[in-house]
Amino acid sequence: MTFTLRPAAVLLSLCLAAVTATACSGGPDAGPAGSGGTGTCDPADVTLVGQVRNESNPYEASWLDGGDAFAASVGLQQQRLTYDGESTKQQEQIRQLLASGRTECMVLNVLPNGDSDTTPIVRAADAAGAYLVTQWNKPAELQPADYDRWISHITYDGVESGQQIAGSLFEAMGGSGGVIALQGVLDTAAAKDRFAGLEAALAANPGITLLDQQSANFSRAEALTVTETLLTKHGDAVKGIWAANDDMALGALQALEQAGRAGEVAVVGIDAVPDALTAIGESKMTATVSSDGPWQGGIGLAIGYCVATGELDMAQVAAEQRAFYAEQFLITEDNVADFQDPRTDAADFECANVFNRMAGPLT
Amino acid sequence: MSIGAAGPLIALAVVVVVFAALNPQFRTLGNVANILDAAAVLAVVTCGTTFVLLLGSIDLSAAGVMAASSLTVALLVENTRNDADYGVLGILVAVLLGAALGGLSGLLLVLLKVPSFMTTLGVSAVGLGIATLLFAGVQPGVVDAGLRGWATGRFLGFTHLTWIAAACVLVGWVVQRHTRLGRYAMAIGGAEEVLALSGVRVAPYKVAVFTMAGAFYGLGAVMVTSQLGSGVVQAGADYSFSAITAAVVGGTLLVGGRGGVLHSTVGVLLLTVLANGLVLVGVSPYVQGGVQGLIVVVAVAAAAAPLRHRNQVVK
């Protein structure tokens, strides 16, 4: 009997050790009891946390770097968290953070894994009194205005970006010809909105025909195969490729190169990943759209920091600033040089400016 | 070849004939070259997975091993991140890294008696960790003309990747049929106890099989890197499961000891032809996944029909 018990005991103590270890590594300096109440934190007592899916893609890595840049500008450190795109892991990290006890002056800038993951994060942060800014994903009916500590939700208008790149694409094609569309994961809002943008642009440009649309699940490798097949199917009729993100656009570029048609077909994407910017600089790709990852990483922490320290009064944060579309940037060969080296501008993070990039209220 | 083994091959033939009848573009030589090119990486990865399945083990490490090898090769050949320019040596190191990670799975399996399901999942996480460290926020683009040529260059109308895959399948088949390693892998999957009781030390062969599988994943990663033009952490994301699916569809059974490299390759071709044909025929992307799954299930069921025994228990 004792034999069967022993491994269980070892396992249990290991788990306990792991839990205590992670819970203890909460923040740098403890600070004398954060005293609670909105906006009374000593700037030195604020803990900053940035959480994204993983650091293995340039966009999310640059997001965390932007958070570091902001943290350094106020003499603090950002705790970098990644959850490997696993919803349960994200929730667990949030639980452990909030269990550390010093939550009254904690600022969280979170990229929820999916819409439904936002609800428990918001509830937990609000209950613990931690300041929270979320980005990209939230269920439509969940509103920051209904919570005290969930300051803002920031996202981007996918319809607009889908339309913007379509505009550049059609212009590069001279206003006529056939295009193929590479869609993202079909049941995501990003894929739906971006494609709706393309459809709107197609309606306004009767000279352009949509030859085919396929999903390549936002993946470079899938886009490569799908594009090869579509090039076989439509041959020389293909004059342009619209991709719902840059990874797929880059996959399509590879397919064009392998088919010996590089340079004959215009390609556009969204996200402004470094490889895409390079391709635009070399005139291989036509356009992309940037949400400015480093700014996203910094701005959530900046908003939270400003409110936590009292520099920004929650009462003065307007209703439309609680959930809004942020400005995004169309990048073409003309302005690509300005985006090659992503960095943050300290002026964007000053408390008077944190809502300057609001493009419109989230409806 | 028995009737049972011919099942997937018949399914493949039927699918090819149906698509060829429905769509004239499907029949073109260019499209055949396309399909073989699209199947190349999966074929190489599946070669590795097949040997592990023959043992009766399972291997979920392809995703992580390929991530590590992809970043490694991209950083060792001429690239946009550093001054390295080791060419073929870099490719060799990436394949060896794959082999080492595969060997690690095997050692954990035989030394610690941890089931392969867990060891390979763990090793996959290790590989992803290595890849993320190497990635360090900036994608390394491949500049090396030799490696880029793997995907773009053609010989007799087929890409170099296709020829590499064909060579791998041939090597896999030779190992399976004509070496002690291949025959023992089959025997271990069929009746490990009998083999052990007759005085064969099975552990070294198991480690060797996992090592060889890792080497195949490493090579597959180099091929993906050539295709995508840069080292990508997600390079192998879908390959673990695609390879197992292809192997099983082709007739390599999960219980071990049955099937082989050629069976699995038929499975790879069946999946690739389906993906290609459904796009060419014009099936809406919203239902493609479902249709593909349905056809695979029907094909496997039809192919396995002759194998069914009365009183057989399926778990």
# chains A, B, ... in the order shown; residues from 1 in each chain; ligands from 1

$ interface_residues --of "chain B" --to "chain A" --cutoff "8 Å" --atoms "only C-alpha atoms" --output "PyMOL selection string"
chain B and resi 25+30-31+34+38+131-132+135-139+141+151-153+224+227-229+233+235+276+279-280+284-286

$ write_last_selection --atoms "N, CA and C atoms" --output "PDB file, in the first residue's frame"
ATOM      1  N   GLN B  25      -8.253  20.049 -65.735  1.00  0.00           N
ATOM      2  CA  GLN B  25      -6.971  20.547 -65.226  1.00  0.00           C
ATOM      3  C   GLN B  25      -6.294  19.547 -64.308  1.00  0.00           C
ATOM      4  N   GLY B  30       1.306  19.246 -65.323  1.00  0.00           N
ATOM      5  CA  GLY B  30       1.667  20.292 -64.364  1.00  0.00           C
ATOM      6  C   GLY B  30       1.022  20.054 -63.012  1.00  0.00           C
ATOM      7  N   ASN B  31      -0.233  19.633 -63.023  1.00  0.00           N
ATOM      8  CA  ASN B  31      -0.918  19.400 -61.758  1.00  0.00           C
ATOM      9  C   ASN B  31      -0.378  18.165 -61.049  1.00  0.00           C
ATOM     10  N   ASN B  34       2.513  19.262 -59.324  1.00  0.00           N
ATOM     11  CA  ASN B  34       2.045  20.017 -58.163  1.00  0.00           C
ATOM     12  C   ASN B  34       1.715  19.131 -56.986  1.00  0.00           C
ATOM     13  N   ALA B  38       3.453  18.966 -53.419  1.00  0.00           N
ATOM     14  CA  ALA B  38       2.719  19.234 -52.179  1.00  0.00           C
ATOM     15  C   ALA B  38       2.816  18.057 -51.219  1.00  0.00           C
ATOM     16  N   ALA B 131      13.308  25.982 -30.542  1.00  0.00           N
ATOM     17  CA  ALA B 131      13.005  26.802 -31.715  1.00  0.00           C
ATOM     18  C   ALA B 131      12.663  28.236 -31.309  1.00  0.00           C
ATOM     19  N   THR B 132      11.870  28.392 -30.238  1.00  0.00           N
ATOM     20  CA  THR B 132      11.484  29.732 -29.804  1.00  0.00           C
ATOM     21  C   THR B 132      12.704  30.525 -29.353  1.00  0.00           C
ATOM     22  N   PHE B 135      14.609  31.556 -32.373  1.00  0.00           N
ATOM     23  CA  PHE B 135      13.841  32.524 -33.146  1.00  0.00           C
ATOM     24  C   PHE B 135      14.069  33.947 -32.620  1.00  0.00           C
ATOM     25  N   ALA B 136      14.029  34.104 -31.296  1.00  0.00           N
ATOM     26  CA  ALA B 136      14.375  35.365 -30.643  1.00  0.00           C
ATOM     27  C   ALA B 136      13.720  36.586 -31.279  1.00  0.00           C
ATOM     28  N   GLY B 137      12.487  36.444 -31.739  1.00  0.00           N
ATOM     29  CA  GLY B 137      11.745  37.617 -32.197  1.00  0.00           C
ATOM     30  C   GLY B 137      11.949  38.010 -33.641  1.00  0.00           C
ATOM     31  N   VAL B 138      12.984  37.480 -34.275  1.00  0.00           N
ATOM     32  CA  VAL B 138      13.232  37.876 -35.662  1.00  0.00           C
ATOM     33  C   VAL B 138      13.342  36.642 -36.557  1.00  0.00           C
ATOM     34  N   GLN B 139      12.483  36.585 -37.575  1.00  0.00           N
ATOM     35  CA  GLN B 139      12.475  35.445 -38.483  1.00  0.00           C
ATOM     36  C   GLN B 139      13.754  35.408 -39.330  1.00  0.00           C
ATOM     37  N   GLY B 141      15.455  34.660 -42.587  1.00  0.00           N
ATOM     38  CA  GLY B 141      15.135  34.338 -43.977  1.00  0.00           C
ATOM     39  C   GLY B 141      16.302  33.602 -44.620  1.00  0.00           C
ATOM     40  N   ALA B 151      13.365  23.873 -53.429  1.00  0.00           N
ATOM     41  CA  ALA B 151      11.930  24.057 -53.690  1.00  0.00           C
ATOM     42  C   ALA B 151      11.673  24.575 -55.098  1.00  0.00           C
ATOM     43  N   THR B 152      12.583  25.411 -55.608  1.00  0.00           N
ATOM     44  CA  THR B 152      12.298  26.075 -56.883  1.00  0.00           C
ATOM     45  C   THR B 152      12.855  25.313 -58.074  1.00  0.00           C
ATOM     46  N   GLY B 153      13.964  24.591 -57.865  1.00  0.00           N
ATOM     47  CA  GLY B 153      14.605  23.901 -58.986  1.00  0.00           C
ATOM     48  C   GLY B 153      13.809  22.688 -59.431  1.00  0.00           C
ATOM     49  N   VAL B 224      10.706  21.971 -45.612  1.00  0.00           N
ATOM     50  CA  VAL B 224       9.714  23.029 -45.375  1.00  0.00           C
ATOM     51  C   VAL B 224      10.391  24.397 -45.391  1.00  0.00           C
ATOM     52  N   GLN B 227      10.917  25.493 -48.780  1.00  0.00           N
ATOM     53  CA  GLN B 227       9.642  25.898 -49.394  1.00  0.00           C
ATOM     54  C   GLN B 227       9.204  27.278 -48.935  1.00  0.00           C
ATOM     55  N   LEU B 228       9.295  27.522 -47.628  1.00  0.00           N
ATOM     56  CA  LEU B 228       8.767  28.765 -47.073  1.00  0.00           C
ATOM     57  C   LEU B 228       9.769  29.901 -47.163  1.00  0.00           C
ATOM     58  N   GLY B 229      11.022  29.568 -47.426  1.00  0.00           N
ATOM     59  CA  GLY B 229      12.021  30.616 -47.582  1.00  0.00           C
ATOM     60  C   GLY B 229      12.503  31.211 -46.277  1.00  0.00           C
ATOM     61  N   VAL B 233       8.829  28.739 -36.705  1.00  0.00           N
ATOM     62  CA  VAL B 233       8.592  27.874 -35.541  1.00  0.00           C
ATOM     63  C   VAL B 233       7.399  26.949 -35.795  1.00  0.00           C
ATOM     64  N   ALA B 235       6.650  25.546 -38.445  1.00  0.00           N
ATOM     65  CA  ALA B 235       6.917  24.784 -39.672  1.00  0.00           C
ATOM     66  C   ALA B 235       6.280  23.398 -39.652  1.00  0.00           C
ATOM     67  N   ASN B 276      -6.033  18.640 -53.213  1.00  0.00           N
ATOM     68  CA  ASN B 276      -5.851  19.282 -54.517  1.00  0.00           C
ATOM     69  C   ASN B 276      -7.133  19.210 -55.344  1.00  0.00           C
ATOM     70  N   VAL B 279     -10.198  21.436 -54.373  1.00  0.00           N
ATOM     71  CA  VAL B 279     -10.050  22.840 -54.762  1.00  0.00           C
ATOM     72  C   VAL B 279     -10.304  22.991 -56.259  1.00  0.00           C
ATOM     73  N   LEU B 280      -9.715  22.099 -57.061  1.00  0.00           N
ATOM     74  CA  LEU B 280      -9.847  22.212 -58.518  1.00  0.00           C
ATOM     75  C   LEU B 280     -11.297  22.022 -58.957  1.00  0.00           C
ATOM     76  N   SER B 284     -16.808  24.374 -52.171  1.00  0.00           N
ATOM     77  CA  SER B 284     -16.701  25.576 -51.335  1.00  0.00           C
ATOM     78  C   SER B 284     -15.757  25.334 -50.157  1.00  0.00           C
ATOM     79  N   PRO B 285     -14.914  26.333 -49.847  1.00  0.00           N
ATOM     80  CA  PRO B 285     -13.982  26.149 -48.722  1.00  0.00           C
ATOM     81  C   PRO B 285     -14.706  25.907 -47.404  1.00  0.00           C
ATOM     82  N   TYR B 286     -15.951  26.353 -47.307  1.00  0.00           N
ATOM     83  CA  TYR B 286     -16.672  26.193 -46.049  1.00  0.00           C
ATOM     84  C   TYR B 286     -17.039  24.730 -45.779  1.00  0.00           C
TER      85      TYR B 286
END

$ select_by_dssp --residues "segment 127-267 of chain A" --states "helix (DSSP H, G or I)" --output "PyMOL selection string"
chain A and resi 127-128+144-146+158-172+189-204+220-237+246-258

$ closest_residue --among "A:Asp68, A:Asp313, A:Asp42, A:Asp84" --to "Thr344 of chain A" --atoms "only C-alpha atoms"
A:Asp68

$ atom_distance --atom1 "atom CA of Ala43 of chain B" --atom2 "atom CA of Val273 of chain B"
12.9 Å

$ residues_around --residues "segment 143-155 of chain A" --least-positions-apart "3" --cutoff "9 Å" --atoms "only C-alpha atoms" --output "PDB file with N, CA and C atoms, in the first residue's frame"
ATOM      1  N   THR A  38      -9.202  53.647  -6.270  1.00  0.00           N
ATOM      2  CA  THR A  38      -8.796  53.957  -7.625  1.00  0.00           C
ATOM      3  C   THR A  38      -7.768  55.081  -7.659  1.00  0.00           C
ATOM      4  N   VAL A 122     -11.824  39.045 -17.274  1.00  0.00           N
ATOM      5  CA  VAL A 122     -12.375  40.322 -16.826  1.00  0.00           C
ATOM      6  C   VAL A 122     -12.949  40.181 -15.418  1.00  0.00           C
ATOM      7  N   ARG A 123     -13.718  39.139 -15.190  1.00  0.00           N
ATOM      8  CA  ARG A 123     -14.351  38.945 -13.876  1.00  0.00           C
ATOM      9  C   ARG A 123     -13.299  38.792 -12.792  1.00  0.00           C
ATOM     10  N   ALA A 125     -10.094  39.744 -12.793  1.00  0.00           N
ATOM     11  CA  ALA A 125      -9.316  40.958 -12.562  1.00  0.00           C
ATOM     12  C   ALA A 125     -10.146  41.983 -11.790  1.00  0.00           C
ATOM     13  N   ASP A 126     -11.410  42.101 -12.163  1.00  0.00           N
ATOM     14  CA  ASP A 126     -12.269  43.077 -11.506  1.00  0.00           C
ATOM     15  C   ASP A 126     -12.451  42.723 -10.027  1.00  0.00           C
ATOM     16  N   ALA A 127     -12.642  41.431  -9.763  1.00  0.00           N
ATOM     17  CA  ALA A 127     -12.838  40.999  -8.384  1.00  0.00           C
ATOM     18  C   ALA A 127     -11.595  41.257  -7.551  1.00  0.00           C
ATOM     19  N   GLY A 129      -9.408  43.560  -8.150  1.00  0.00           N
ATOM     20  CA  GLY A 129      -9.060  44.979  -8.152  1.00  0.00           C
ATOM     21  C   GLY A 129      -7.852  45.326  -9.003  1.00  0.00           C
ATOM     22  N   ALA A 130      -7.496  44.450  -9.954  1.00  0.00           N
ATOM     23  CA  ALA A 130      -6.362  44.744 -10.839  1.00  0.00           C
ATOM     24  C   ALA A 130      -6.860  45.495 -12.072  1.00  0.00           C
ATOM     25  N   TYR A 131      -6.024  46.433 -12.547  1.00  0.00           N
ATOM     26  CA  TYR A 131      -6.400  47.207 -13.743  1.00  0.00           C
ATOM     27  C   TYR A 131      -6.152  46.382 -14.999  1.00  0.00           C
ATOM     28  N   LEU A 132      -7.119  46.407 -15.911  1.00  0.00           N
ATOM     29  CA  LEU A 132      -7.042  45.518 -17.055  1.00  0.00           C
ATOM     30  C   LEU A 132      -7.336  46.249 -18.360  1.00  0.00           C
ATOM     31  N   VAL A 133      -6.473  45.996 -19.362  1.00  0.00           N
ATOM     32  CA  VAL A 133      -6.775  46.401 -20.734  1.00  0.00           C
ATOM     33  C   VAL A 133      -6.694  45.143 -21.588  1.00  0.00           C
ATOM     34  N   THR A 134      -7.739  44.897 -22.384  1.00  0.00           N
ATOM     35  CA  THR A 134      -7.720  43.731 -23.266  1.00  0.00           C
ATOM     36  C   THR A 134      -7.646  44.215 -24.714  1.00  0.00           C
ATOM     37  N   GLN A 135      -7.179  43.325 -25.601  1.00  0.00           N
ATOM     38  CA  GLN A 135      -7.086  43.694 -27.009  1.00  0.00           C
ATOM     39  C   GLN A 135      -7.563  42.560 -27.905  1.00  0.00           C
ATOM     40  N   TRP A 136      -8.036  42.907 -29.062  1.00  0.00           N
ATOM     41  CA  TRP A 136      -8.490  42.025 -30.133  1.00  0.00           C
ATOM     42  C   TRP A 136      -9.804  41.296 -29.826  1.00  0.00           C
ATOM     43  N   ASN A 137      -9.825  40.427 -28.793  1.00  0.00           N
ATOM     44  CA  ASN A 137     -10.978  39.523 -28.661  1.00  0.00           C
ATOM     45  C   ASN A 137     -11.846  39.816 -27.445  1.00  0.00           C
ATOM     46  N   LYS A 138     -13.136  39.965 -27.682  1.00  0.00           N
ATOM     47  CA  LYS A 138     -14.111  39.957 -26.576  1.00  0.00           C
ATOM     48  C   LYS A 138     -15.489  39.659 -27.168  1.00  0.00           C
ATOM     49  N   PRO A 139     -16.366  39.009 -26.378  1.00  0.00           N
ATOM     50  CA  PRO A 139     -17.729  38.800 -26.868  1.00  0.00           C
ATOM     51  C   PRO A 139     -18.420  40.154 -26.984  1.00  0.00           C
ATOM     52  N   ALA A 140     -19.290  40.298 -27.985  1.00  0.00           N
ATOM     53  CA  ALA A 140     -19.892  41.605 -28.266  1.00  0.00           C
ATOM     54  C   ALA A 140     -20.651  42.159 -27.070  1.00  0.00           C
ATOM     55  N   GLN A 296       0.768  48.457 -29.301  1.00  0.00           N
ATOM     56  CA  GLN A 296      -0.247  47.680 -28.567  1.00  0.00           C
ATOM     57  C   GLN A 296       0.298  47.170 -27.243  1.00  0.00           C
ATOM     58  N   GLY A 300      -1.531  49.379 -23.560  1.00  0.00           N
ATOM     59  CA  GLY A 300      -2.377  48.779 -22.528  1.00  0.00           C
ATOM     60  C   GLY A 300      -1.798  49.041 -21.147  1.00  0.00           C
ATOM     61  N   ILE A 303      -2.146  52.923 -20.315  1.00  0.00           N
ATOM     62  CA  ILE A 303      -3.495  53.306 -19.856  1.00  0.00           C
ATOM     63  C   ILE A 303      -3.690  52.875 -18.407  1.00  0.00           C
ATOM     64  N   GLY A 304      -3.331  51.618 -18.137  1.00  0.00           N
ATOM     65  CA  GLY A 304      -3.492  51.093 -16.782  1.00  0.00           C
ATOM     66  C   GLY A 304      -2.638  51.847 -15.769  1.00  0.00           C
ATOM     67  N   VAL A 307      -4.121  55.316 -14.976  1.00  0.00           N
ATOM     68  CA  VAL A 307      -5.281  55.261 -14.092  1.00  0.00           C
ATOM     69  C   VAL A 307      -4.862  54.852 -12.682  1.00  0.00           C
ATOM     70  N   MET A 314     -10.589  57.978 -13.871  1.00  0.00           N
ATOM     71  CA  MET A 314     -11.553  57.108 -14.554  1.00  0.00           C
ATOM     72  C   MET A 314     -12.816  57.874 -14.945  1.00  0.00           C
ATOM     73  N   VAL A 317     -12.559  59.316 -18.362  1.00  0.00           N
ATOM     74  CA  VAL A 317     -12.431  58.444 -19.532  1.00  0.00           C
ATOM     75  C   VAL A 317     -13.805  58.315 -20.187  1.00  0.00           C
ATOM     76  N   ALA A 319     -17.028  57.325 -22.552  1.00  0.00           N
ATOM     77  CA  ALA A 319     -17.643  56.015 -22.795  1.00  0.00           C
ATOM     78  C   ALA A 319     -17.042  55.342 -24.023  1.00  0.00           C
ATOM     79  N   GLN A 321     -14.146  55.651 -25.188  1.00  0.00           N
ATOM     80  CA  GLN A 321     -12.744  55.278 -24.978  1.00  0.00           C
ATOM     81  C   GLN A 321     -12.613  53.945 -24.241  1.00  0.00           C
ATOM     82  N   ARG A 322     -13.739  53.450 -23.737  1.00  0.00           N
ATOM     83  CA  ARG A 322     -13.672  52.178 -23.005  1.00  0.00           C
ATOM     84  C   ARG A 322     -13.622  51.001 -23.957  1.00  0.00           C
ATOM     85  N   ALA A 323     -14.110  51.158 -25.187  1.00  0.00           N
ATOM     86  CA  ALA A 323     -14.045  50.077 -26.180  1.00  0.00           C
ATOM     87  C   ALA A 323     -13.967  50.727 -27.545  1.00  0.00           C
ATOM     88  N   PHE A 324     -12.795  50.614 -28.199  1.00  0.00           N
ATOM     89  CA  PHE A 324     -12.652  51.372 -29.443  1.00  0.00           C
ATOM     90  C   PHE A 324     -11.777  50.661 -30.481  1.00  0.00           C
ATOM     91  N   TYR A 325     -11.961  51.080 -31.736  1.00  0.00           N
ATOM     92  CA  TYR A 325     -11.072  50.674 -32.813  1.00  0.00           C
ATOM     93  C   TYR A 325      -9.866  51.603 -32.806  1.00  0.00           C
ATOM     94  N   ALA A 326      -8.670  51.029 -32.869  1.00  0.00           N
ATOM     95  CA  ALA A 326      -7.479  51.872 -32.929  1.00  0.00           C
ATOM     96  C   ALA A 326      -7.091  52.090 -34.393  1.00  0.00           C
ATOM     97  N   MET A 358      -7.449  56.579 -31.152  1.00  0.00           N
ATOM     98  CA  MET A 358      -8.795  56.049 -31.304  1.00  0.00           C
ATOM     99  C   MET A 358      -9.327  56.415 -32.684  1.00  0.00           C
ATOM    100  N   LEU A 362     -16.091  51.161 -30.745  1.00  0.00           N
ATOM    101  CA  LEU A 362     -16.382  49.775 -31.123  1.00  0.00           C
ATOM    102  C   LEU A 362     -17.890  49.575 -31.043  1.00  0.00           C
TER     103      LEU A 362
END

$ select_by_dssp --residues "segment 179-339 of chain A" --states "strand (DSSP E)" --output "PyMOL selection string"
chain A and resi 179-183+208-215+238-243+266-268+288-290+323-326+329-331

$ write_last_selection --atoms "C-alpha atoms" --output "compact mmCIF listing (two decimals), in the first residue's frame"
# COMPACT_ATOMS: atom_id res chain seq x y z
CA VAL A 179 -7.87 37.89 -58.14
CA ILE A 180 -7.78 34.91 -55.82
CA ALA A 181 -8.44 35.29 -52.10
CA LEU A 182 -6.75 33.33 -49.30
CA GLN A 183 -8.95 33.37 -46.25
CA ILE A 208 -12.05 43.05 -60.93
CA THR A 209 -13.33 39.47 -60.73
CA LEU A 210 -12.89 37.16 -57.76
CA LEU A 211 -11.77 33.94 -59.44
CA ASP A 212 -11.65 31.79 -56.35
CA GLN A 213 -11.49 31.96 -52.58
CA GLN A 214 -9.99 29.28 -50.36
CA SER A 215 -9.03 29.04 -46.72
CA VAL A 238 -4.64 35.37 -61.91
CA LYS A 239 -3.34 38.94 -61.72
CA GLY A 240 -3.61 39.51 -57.99
CA ILE A 241 -3.64 37.59 -54.69
CA TRP A 242 -5.47 38.95 -51.65
CA ALA A 243 -4.43 37.24 -48.41
CA ALA A 266 0.41 41.51 -57.17
CA VAL A 267 0.17 40.21 -53.59
CA VAL A 268 -1.23 41.89 -50.47
CA THR A 288 0.07 45.28 -45.92
CA VAL A 289 -1.62 46.84 -42.90
CA SER A 290 0.00 47.41 -39.52
CA ALA A 323 -14.05 50.08 -26.18
CA PHE A 324 -12.65 51.37 -29.44
CA TYR A 325 -11.07 50.67 -32.81
CA ALA A 326 -7.48 51.87 -32.93
CA PHE A 329 -1.64 51.97 -41.08
CA LEU A 330 -1.58 50.95 -44.74
CA ILE A 331 1.99 50.20 -45.74

$ atom_distance --atom1 "atom CA of Met186 of chain B" --atom2 "atom CA of Gly257 of chain B"
4.5 Å

$ atom_distance --atom1 "atom CA of Met118 of chain B" --atom2 "atom CA of Pro112 of chain A"
28.2 Å

$ residues_around --residues "Asn82 of chain B" --least-positions-apart "4" --cutoff "12 Å" --atoms "only C-alpha atoms" --output "list in words"
Ala74, Leu75, Leu76, Val77, Glu78, Tyr86, Leu134, Val138, Gln139, Pro140, Gly141, Val142 and Val143 of chain B

$ residues_around --residues "segment 48-64 of chain B" --least-positions-apart "5" --cutoff "7 Å" --atoms "only C-alpha atoms" --output "ChimeraX atom specification"
/B:116-117,120-121,123-128,185-186,188-189,209-210,212-214,216-217,236-240,243-244,247,252,254-258,260-261,264

$ residues_around --residues "Arg180 of chain B" --least-positions-apart "4" --cutoff "12 Å" --atoms "only C-alpha atoms" --output "list in words"
Val174, Val175, Gln176, Tyr184, Ala185, Met186, Ala187, Ile188, Val200, Val202, Pro204, Tyr205, Ala208 and Val209 of chain B

$ closest_residue --among "B:Leu262, B:Val93, B:Ala145, B:Met66" --to "Leu170 of chain B" --atoms "only C-alpha atoms"
B:Leu262

$ residues_around --residues "Ala204 of chain A" --least-positions-apart "6" --cutoff "12 Å" --atoms "only C-alpha atoms" --output "list in words"
Gln163, Ala166, Gly167, Phe170, Gly175, Gly197 and Leu198 of chain A

$ write_last_selection --atoms "C-alpha atoms" --output "compact mmCIF listing (two decimals), in the first residue's frame"
# COMPACT_ATOMS: atom_id res chain seq x y z
CA GLN A 163 -10.73 46.94 -47.93
CA ALA A 166 -7.83 45.38 -51.68
CA GLY A 167 -7.69 49.00 -52.84
CA PHE A 170 -6.64 46.67 -57.51
CA GLY A 175 -8.17 48.26 -62.16
CA GLY A 197 -13.76 44.25 -46.61
CA LEU A 198 -12.58 42.54 -49.78

$ closest_residue --among "A:Ser291, A:Asn353, A:Gln96, A:Thr332" --to "Trp63 of chain A" --atoms "only C-alpha atoms"
A:Ser291
